[in-house]
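J.: I am attaching a structure below and will ask some questions about it afterwards.
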Amino acid sequence: MSIITLKNVSKTYKGLTLFSNVDLNIDKGKIYGIVGPNGSGKSVLFKMICGFVFPDEGNIFVEGTEIGKRKRFPDNFGIIIDRPGYIPNKTGFQNLKELALIKGKISDERISEAMEIVGLQPNAKQKVKNYSLGMKQKLAIAQAFMEDQQVLILDEPFNALDAGSVDRIRRLLLSFKDEGRTILITSHNQEDIRVLCDNVYRINDTQLEVVTNF
Amino acid sequence: MLGNQLLVEMKRAFTIRNLLIWMGIIILLPAIRFYTIKEGYQFFEPIEVFQEMVSTIIPLLFPAIIIIIYLPLFLQELRNNFVLYTRPRIPLNTYLLSKIIVNAFLTGGIVFLLIFLPFIFVVYLEPHLGIIFYSPKDANSVIPMFTFSQLLEYGNLAYGLTFSLWVSINAVIYSSIALLLMLVLTNPFVALSVPFLFYHIFNFVTGILNAPMFSPLSTIFPFNIVQQPLWTILVPFLFLLIIFIGLFVFTMRKQKEWLM
């Protein structure tokens, strides 16, 4: 069953034609890899799926509802796009708490649990401005799943992570897949794609091509 | 959704650091000014002390005060990509509207208190404390009249409330302009400096044109020129309002490019 569908999507972004009449079906409960060179449009594709930017032509449906018409942005999406986002003068826990307050549906314990899952200490007094890049990345991963989001859109989630953390996050993503969550990731590391993904698409010359050997 | 987000924003704004900054603005600035004028000046009435208290330092710092009340929090969010991660949780319009409302509420409220609390202190409390020496009035005594002094005929409180409200409305518009500019300009520091530049350049230009009665400084804090008709304060205010409305419309039309 398709949870995300792109139909004849075309997009020009900041003067560059990134997609021409692209179709894509994302099934629930699988991990999809999107690969392509820098500037090929991976982040823009993710932003379109999240409803942050709209296609010039074509339609995007999430769970059967068109994004941008009846629904401005999809519910239940966890994202990492471009780079981690944070408030530098607050601790990691406070940052997640600020995001959680918006929907107000999870407890402090759940926030702490999410931090521990990615390998951060929820009680640490260290402010995020003093975090390493890898710690900021872990914080971004924690916010993406802490509210039990069922679709994870993760742009380069393994950036700046050490080998141990990469292994931990890979196992985490595979466990999410086993729970029936749907994941879209990009990675410049072929190994991440090979280990995690059920299906892989390459952005090539404004098209999405299926990659069979990865 | 907006109601909940307003509560969240208010909670987020009330940090110890912010409370200290706000207390500094509300108490420290007038206190410093009061300390410097309590001796060496000749006063006949408490209202003169109030007018002297809210001149000089506060008018000079006004455009800086109004942007440090709430906007640094938003600046941090913008510079560090935090807003992007709110977007799967709340529509961007709602999130930004909550920012605009909370900024207006806090800036307006704190600036109101910045003017009104010194007024209460000087007019109603200080005469019982006897810190200021009031000279006895005689036939040669001259009590200066400024714009807004017209309202004194309705009572001191009416004057204090109206003047405090006037300054706070101006503060809200100046800081809202800065907030909107933060959405459309790529460099948020430029956006934050625009109210400061507008305020001081407009003062300079009206000075050159020999029309100080229309300068922002002399219409928001009219204690450096002789009394003017009340309508004169509306001239720069309407100009400011037109800028604000124009910027609001422009910002709404550029909505697709926000934070991209």
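Residue names in the structure tokens use chain letters A, B, ... in the order shown, residue numbers from 1 in each chain, and ligand numbers from 1 in the order shown.
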Kindly provide the residues of chain B that approach chain A to within 8 Å, each paired with its closest atom pair and their distance in Å to one decimal, based on only C-alpha atoms, listed by chain and increasing number, as JSON lines.

T.:
```
{"residue": "B:Asn4", "atom": "CA", "partner": "A:Ile102", "partner_atom": "CA", "distance": 7.5}
{"residue": "B:Gln5", "atom": "CA", "partner": "A:Ile102", "partner_atom": "CA", "distance": 6.2}
{"residue": "B:Val8", "atom": "CA", "partner": "A:Leu101", "partner_atom": "CA", "distance": 6.6}
{"residue": "B:Arg12", "atom": "CA", "partner": "A:Glu98", "partner_atom": "CA", "distance": 7.7}
{"residue": "B:Gln76", "atom": "CA", "partner": "A:Ile87", "partner_atom": "CA", "distance": 6.1}
{"residue": "B:Glu77", "atom": "CA", "partner": "A:Ile87", "partner_atom": "CA", "distance": 5.9}
{"residue": "B:Asn80", "atom": "CA", "partner": "A:Gly85", "partner_atom": "CA", "distance": 5.5}
{"residue": "B:Asn81", "atom": "CA", "partner": "A:Gly85", "partner_atom": "CA", "distance": 4.3}
{"residue": "B:Phe82", "atom": "CA", "partner": "A:Gly85", "partner_atom": "CA", "distance": 4.1}
{"residue": "B:Val83", "atom": "CA", "partner": "A:Gly85", "partner_atom": "CA", "distance": 7.4}
{"residue": "B:Leu84", "atom": "CA", "partner": "A:Gly85", "partner_atom": "CA", "distance": 7.1}
{"residue": "B:Tyr85", "atom": "CA", "partner": "A:Gly85", "partner_atom": "CA", "distance": 6.5}
{"residue": "B:Thr86", "atom": "CA", "partner": "A:Leu99", "partner_atom": "CA", "distance": 6.4}
{"residue": "B:Arg87", "atom": "CA", "partner": "A:Phe52", "partner_atom": "CA", "distance": 8.0}
{"residue": "B:Pro88", "atom": "CA", "partner": "A:Phe77", "partner_atom": "CA", "distance": 6.2}
{"residue": "B:Arg89", "atom": "CA", "partner": "A:Lys103", "partner_atom": "CA", "distance": 6.4}
{"residue": "B:Ile90", "atom": "CA", "partner": "A:Ile102", "partner_atom": "CA", "distance": 7.1}
{"residue": "B:Pro91", "atom": "CA", "partner": "A:Phe73", "partner_atom": "CA", "distance": 7.3}
{"residue": "B:Lys256", "atom": "CA", "partner": "A:Val53", "partner_atom": "CA", "distance": 7.3}
```

J.: Restricting it to N, CA, C and O atoms, dump the selection as a PDB file, in the first residue's frame.

T.:
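So the final result, stored in part.pdb, reads:
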```pdb
ATOM      1  N   ASN B   4      -2.712  27.156  21.869  1.00  0.00           N
ATOM      2  CA  ASN B   4      -1.690  26.338  22.546  1.00  0.00           C
ATOM      3  C   ASN B   4      -0.301  26.880  22.252  1.00  0.00           C
ATOM      4  O   ASN B   4       0.554  26.975  23.145  1.00  0.00           O
ATOM      5  N   GLN B   5      -0.064  27.262  20.984  1.00  0.00           N
ATOM      6  CA  GLN B   5       1.269  27.741  20.620  1.00  0.00           C
ATOM      7  C   GLN B   5       1.589  29.068  21.313  1.00  0.00           C
ATOM      8  O   GLN B   5       2.745  29.324  21.679  1.00  0.00           O
ATOM      9  N   VAL B   8       2.754  28.116  24.642  1.00  0.00           N
ATOM     10  CA  VAL B   8       4.108  27.552  24.542  1.00  0.00           C
ATOM     11  C   VAL B   8       5.137  28.670  24.381  1.00  0.00           C
ATOM     12  O   VAL B   8       6.168  28.695  25.054  1.00  0.00           O
ATOM     13  N   ARG B  12       8.168  29.702  26.827  1.00  0.00           N
ATOM     14  CA  ARG B  12       9.549  29.725  26.344  1.00  0.00           C
ATOM     15  C   ARG B  12      10.206  31.077  26.584  1.00  0.00           C
ATOM     16  O   ARG B  12      11.403  31.159  26.821  1.00  0.00           O
ATOM     17  N   GLN B  76      17.917  33.354  17.327  1.00  0.00           N
ATOM     18  CA  GLN B  76      18.609  32.078  17.560  1.00  0.00           C
ATOM     19  C   GLN B  76      17.947  30.950  16.774  1.00  0.00           C
ATOM     20  O   GLN B  76      18.625  30.091  16.216  1.00  0.00           O
ATOM     21  N   GLU B  77      16.636  30.944  16.756  1.00  0.00           N
ATOM     22  CA  GLU B  77      15.912  29.896  16.028  1.00  0.00           C
ATOM     23  C   GLU B  77      16.191  29.969  14.530  1.00  0.00           C
ATOM     24  O   GLU B  77      16.411  28.955  13.879  1.00  0.00           O
ATOM     25  N   ASN B  80      19.868  28.981  13.512  1.00  0.00           N
ATOM     26  CA  ASN B  80      20.275  27.602  13.753  1.00  0.00           C
ATOM     27  C   ASN B  80      19.268  26.579  13.235  1.00  0.00           C
ATOM     28  O   ASN B  80      19.244  25.448  13.707  1.00  0.00           O
ATOM     29  N   ASN B  81      18.464  26.997  12.246  1.00  0.00           N
ATOM     30  CA  ASN B  81      17.603  26.063  11.524  1.00  0.00           C
ATOM     31  C   ASN B  81      16.527  25.410  12.401  1.00  0.00           C
ATOM     32  O   ASN B  81      15.963  24.392  12.028  1.00  0.00           O
ATOM     33  N   PHE B  82      16.275  25.982  13.567  1.00  0.00           N
ATOM     34  CA  PHE B  82      15.313  25.360  14.490  1.00  0.00           C
ATOM     35  C   PHE B  82      13.891  25.393  13.926  1.00  0.00           C
ATOM     36  O   PHE B  82      13.126  24.432  14.091  1.00  0.00           O
ATOM     37  N   VAL B  83      13.569  26.480  13.228  1.00  0.00           N
ATOM     38  CA  VAL B  83      12.186  26.652  12.756  1.00  0.00           C
ATOM     39  C   VAL B  83      11.777  25.510  11.823  1.00  0.00           C
ATOM     40  O   VAL B  83      10.637  25.050  11.854  1.00  0.00           O
ATOM     41  N   LEU B  84      12.747  25.026  11.011  1.00  0.00           N
ATOM     42  CA  LEU B  84      12.440  23.929  10.092  1.00  0.00           C
ATOM     43  C   LEU B  84      11.857  22.733  10.833  1.00  0.00           C
ATOM     44  O   LEU B  84      10.947  22.067  10.354  1.00  0.00           O
ATOM     45  N   TYR B  85      12.373  22.478  12.035  1.00  0.00           N
ATOM     46  CA  TYR B  85      11.948  21.292  12.779  1.00  0.00           C
ATOM     47  C   TYR B  85      10.634  21.499  13.543  1.00  0.00           C
ATOM     48  O   TYR B  85      10.107  20.566  14.138  1.00  0.00           O
ATOM     49  N   THR B  86      10.133  22.707  13.514  1.00  0.00           N
ATOM     50  CA  THR B  86       8.785  22.925  14.052  1.00  0.00           C
ATOM     51  C   THR B  86       7.736  22.643  12.972  1.00  0.00           C
ATOM     52  O   THR B  86       6.577  22.422  13.277  1.00  0.00           O
ATOM     53  N   ARG B  87       8.174  22.655  11.723  1.00  0.00           N
ATOM     54  CA  ARG B  87       7.211  22.618  10.616  1.00  0.00           C
ATOM     55  C   ARG B  87       6.416  21.324  10.481  1.00  0.00           C
ATOM     56  O   ARG B  87       5.256  21.375  10.069  1.00  0.00           O
ATOM     57  N   PRO B  88       6.987  20.160  10.812  1.00  0.00           N
ATOM     58  CA  PRO B  88       6.110  18.977  10.782  1.00  0.00           C
ATOM     59  C   PRO B  88       5.142  18.946  11.966  1.00  0.00           C
ATOM     60  O   PRO B  88       4.283  18.078  12.042  1.00  0.00           O
ATOM     61  N   ARG B  89       5.300  19.867  12.888  1.00  0.00           N
ATOM     62  CA  ARG B  89       4.483  19.835  14.111  1.00  0.00           C
ATOM     63  C   ARG B  89       3.385  20.898  14.120  1.00  0.00           C
ATOM     64  O   ARG B  89       2.400  20.779  14.831  1.00  0.00           O
ATOM     65  N   ILE B  90       3.596  21.956  13.350  1.00  0.00           N
ATOM     66  CA  ILE B  90       2.632  23.064  13.356  1.00  0.00           C
ATOM     67  C   ILE B  90       2.786  23.818  12.025  1.00  0.00           C
ATOM     68  O   ILE B  90       3.918  23.956  11.532  1.00  0.00           O
ATOM     69  N   PRO B  91       1.692  24.291  11.430  1.00  0.00           N
ATOM     70  CA  PRO B  91       1.841  25.068  10.189  1.00  0.00           C
ATOM     71  C   PRO B  91       2.726  26.298  10.419  1.00  0.00           C
ATOM     72  O   PRO B  91       2.614  26.950  11.460  1.00  0.00           O
ATOM     73  N   LYS B 256       6.157  31.925   0.211  1.00  0.00           N
ATOM     74  CA  LYS B 256       6.778  30.697  -0.288  1.00  0.00           C
ATOM     75  C   LYS B 256       8.287  30.693  -0.068  1.00  0.00           C
ATOM     76  O   LYS B 256       8.912  29.639  -0.072  1.00  0.00           O
TER      77      LYS B 256
END
```

J.: Can you tell me which residues surround segment 209-220 of chain B at a distance of at most 6 Å, considering only C-alpha atoms, apart from same-chain residues fewer than 3 positions away, and format the answer as a PyMOL selection string?

T.: chain B and resi 167+203+206+233+236

J.: Near segment 150-154 of chain B, within 10 Å and counting only C-alpha atoms, which residues show up once chain neighbours fewer than 6 positions away are dropped, as a PyMOL selection string?

T.: chain B and resi 47+160+162-163+227-230

J.: Per DSSP on the backbone, filter segment 2-210 of chain A down to the residues in helix (DSSP H, G or I) and report them as number ranges by chain.

T.: A: 42-50, 92-103, 108-118, 128-130, 133-145, 163-178, 190-196

J.: Considering only strand (DSSP E or B) as DSSP defines it on the backbone, what residues of segment 15-200 of chain A qualify? List them as a VMD selection string.

T.: chain A and resid 16 to 27 31 to 35 57 to 62 65 to 67 71 77 to 80 91 127 151 to 155 182 to 186 199 to 200

J.: Just to be explicit: take each residue in the selection above, keep C-alpha atoms, and write the result as an mmCIF file, in the first residue's frame.

T.:
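Produced file part.cif, reproduced below:
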```
data_model
loop_
_atom_site.group_PDB
_atom_site.id
_atom_site.type_symbol
_atom_site.label_atom_id
_atom_site.label_comp_id
_atom_site.auth_asym_id
_atom_site.auth_seq_id
_atom_site.Cartn_x
_atom_site.Cartn_y
_atom_site.Cartn_z
ATOM 1 C CA LEU A 16 17.646 24.757 -11.698
ATOM 2 C CA THR A 17 15.317 22.160 -13.160
ATOM 3 C CA LEU A 18 15.509 19.319 -10.666
ATOM 4 C CA PHE A 19 12.579 17.088 -11.582
ATOM 5 C CA SER A 20 10.561 16.550 -14.762
ATOM 6 C CA ASN A 21 7.390 14.476 -14.662
ATOM 7 C CA VAL A 22 8.584 12.238 -11.858
ATOM 8 C CA ASP A 23 6.452 9.413 -10.474
ATOM 9 C CA LEU A 24 7.198 7.656 -7.206
ATOM 10 C CA ASN A 25 5.343 5.265 -4.930
ATOM 11 C CA ILE A 26 6.517 4.715 -1.367
ATOM 12 C CA ASP A 27 5.060 1.687 0.380
ATOM 13 C CA ILE A 31 13.160 1.747 3.839
ATOM 14 C CA TYR A 32 13.848 3.700 0.674
ATOM 15 C CA GLY A 33 17.161 5.165 -0.313
ATOM 16 C CA ILE A 34 17.465 8.229 -2.514
ATOM 17 C CA VAL A 35 20.924 8.739 -3.965
ATOM 18 C CA GLU A 57 3.434 20.664 -11.783
ATOM 19 C CA GLY A 58 2.036 17.349 -10.665
ATOM 20 C CA ASN A 59 0.679 16.156 -7.344
ATOM 21 C CA ILE A 60 1.947 14.652 -4.118
ATOM 22 C CA PHE A 61 -0.327 12.465 -2.021
ATOM 23 C CA VAL A 62 0.347 11.323 1.518
ATOM 24 C CA THR A 65 -4.579 13.190 0.683
ATOM 25 C CA GLU A 66 -2.988 15.708 -1.625
ATOM 26 C CA ILE A 67 -0.389 17.880 0.039
ATOM 27 C CA LYS A 71 -3.571 19.266 3.801
ATOM 28 C CA PHE A 77 6.370 12.854 9.773
ATOM 29 C CA GLY A 78 9.765 12.958 11.442
ATOM 30 C CA ILE A 79 12.388 14.799 9.459
ATOM 31 C CA ILE A 80 16.018 15.675 9.162
ATOM 32 C CA THR A 91 20.479 21.735 26.599
ATOM 33 C CA LYS A 127 24.285 23.318 25.995
ATOM 34 C CA VAL A 151 7.217 8.229 8.380
ATOM 35 C CA LEU A 152 10.839 9.300 8.747
ATOM 36 C CA ILE A 153 12.389 11.523 6.106
ATOM 37 C CA LEU A 154 16.089 11.522 6.871
ATOM 38 C CA ASP A 155 18.514 13.522 4.771
ATOM 39 C CA THR A 182 8.311 3.949 6.592
ATOM 40 C CA ILE A 183 11.730 5.543 6.111
ATOM 41 C CA LEU A 184 13.250 7.571 3.303
ATOM 42 C CA ILE A 185 16.944 8.266 3.617
ATOM 43 C CA THR A 186 19.747 9.769 1.647
ATOM 44 C CA ASN A 199 14.468 0.014 -2.582
ATOM 45 C CA VAL A 200 16.828 2.618 -3.950
#
```

J.: Just how far from atom CA of Trp166 of chain B is atom CA of Thr232 of chain B, in Å to one decimal?

T.: 13.4 Å

J.: Could you pull the residues within 12 Å of Leu174 of chain A, counting only C-alpha atoms, minus those fewer than 3 positions along the same chain, as a compact mmCIF listing (two decimals) with C-alpha atoms, in the first residue's frame?

T.:
```txt
# COMPACT_ATOMS: atom_id res chain seq x y z
CA GLY A 29 6.89 -0.36 6.24
CA LYS A 30 9.91 -0.17 3.95
CA ILE A 31 13.16 1.75 3.84
CA TYR A 32 13.85 3.70 0.67
CA ASP A 167 25.90 1.00 13.86
CA ARG A 168 23.48 2.00 16.66
CA ILE A 169 21.37 4.21 14.36
CA ARG A 170 21.31 1.60 11.62
CA ARG A 171 19.94 -0.94 14.09
CA LYS A 177 11.06 -0.79 9.84
CA ASP A 178 10.14 -3.94 11.75
CA GLU A 179 7.54 -1.89 13.62
CA GLY A 180 6.00 -0.93 10.27
CA ARG A 181 7.36 2.59 9.99
CA THR A 182 8.31 3.95 6.59
CA ILE A 183 11.73 5.54 6.11
CA ASP A 192 24.36 2.68 4.66
CA ILE A 193 22.16 2.28 1.60
CA VAL A 195 22.56 -2.35 4.72
CA LEU A 196 19.29 -0.50 5.25
CA CYS A 197 17.29 -0.04 2.09
CA ASP A 198 14.67 -2.22 0.46
```
